[in-house]
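Note sheet for the following structure.
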Amino acid sequence: MVEKTEQGVNWESFIKMVLSKLDIPSKEDLNLLHGRLDKLEQLFFQKQPAVKKEGAPPTVRRKSASSIVLDVIANHPKGTNFKTIKAATGFEDKKLRNIIFRLDNIKKIKRVTRGIYKKV
C-alpha cells in the first residue's frame with residue numbers, strides 16, 4: 001500500500017519547494033538583488049574626488065607652433081622678416097617656412113614683400 005504523506009501541505013509551500021529544487025529565484029530573492037544593484041549603482045555614479053598623482057607636474061597646455069609664429073608676427077605691426085621670426089621662435093628653417101606658407105594660405109598673415117610678413 002501507499003503511505004500517505006503529510007496532510008497539511010498547501011500549494012504555497014509546494015511551489016516554494018519546487019522553486020528551491022529547480023534553483024529558480026523567488027520574488028524575495030529578486031527584490032534583495034534589486035536592492036543590492038541599486039546600492040552599487042549609487043556608489044558607481046557618485047562623484048569621486050580627483051586623485052592627484054604624486055610627483056607628476058601639472059599639465060600645461062602649450063601653444064601650437066603656428067600660434068607662436070603668428071604672435072611673433074603680430075608683435076611687429078609694420079611687418080617682420082624671416083630672420084627675426086626664426087630668432088624669436090627658435091624653429092628650424094623648413095618648419096618655419098611651412099608654418100608661414102600655411103598661415104599665408106589661410107589668410108592669417110600677408111606677404112608684404114619677399115621675406116617680410118605682416119598679420120592681417
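Each chain of the C-alpha cells is named A, B, ... in the order shown, its residues numbered from 1; ligands are numbered from 1 in display order.
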Apply DSSP to the backbone of this structure and, from chain A, keep only the residues in strand (DSSP E); write these as a ChimeraX atom specification. /A:80-81,109-113,116-119
Quick one: everything within 12 Å of Ser64 in chain A, counting only C-alpha atoms, minus sequence neighbours fewer than 6 positions away in the same chain. Send it as a ChimeraX atom specification. /A:70-71,89,99
Write a file of the just-selected residues containing C-alpha atoms, as a short mmCIF file (atom, residue, chain, number, x, y, z; two decimals), in the first residue's frame.
data_model
loop_
_atom_site.label_atom_id
_atom_site.label_comp_id
_atom_site.auth_asym_id
_atom_site.auth_seq_id
_atom_site.Cartn_x
_atom_site.Cartn_y
_atom_site.Cartn_z
CA LEU A 70 51.53 84.32 -35.52
CA ASP A 71 52.16 86.02 -32.14
CA THR A 89 60.86 81.16 -32.14
CA ILE A 99 54.19 77.42 -40.99
#
I'd like the neighbourhood of Ala87 in chain A as a list in words, where a residue qualifies if any of its atoms comes within 12 Å (using only C-alpha atoms), though same-chain residues fewer than 5 positions away should be ignored.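 So the residues in contact are Val69, Val72, Thr80, Asn81, Phe82, Glu92, Asp93 and Leu96 of chain A.
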Take the residues from that selection and write them out as a compact mmCIF listing (two decimals), in the first residue's frame, keeping C-alpha atoms.
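Writing done, so here's out_28.txt:
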# COMPACT_ATOMS: atom_id res chain seq x y z
CA VAL A 69 54.75 82.33 -35.14
CA VAL A 72 55.69 86.97 -33.18
CA THR A 80 58.85 91.44 -39.79
CA ASN A 81 61.35 89.35 -41.68
CA PHE A 82 62.15 85.66 -41.66
CA GLU A 92 64.31 75.31 -38.00
CA ASP A 93 64.13 76.85 -41.49
CA LEU A 96 59.20 77.88 -40.16
Extract, using only C-alpha atoms, all DNA, RNA and protein residues at most 12 Å from Asn75 in chain A, discarding same-chain residues fewer than 5 positions from it, and format them as a PyMOL selection string. chain A and resi 68-70+80+84-85+88+117-119
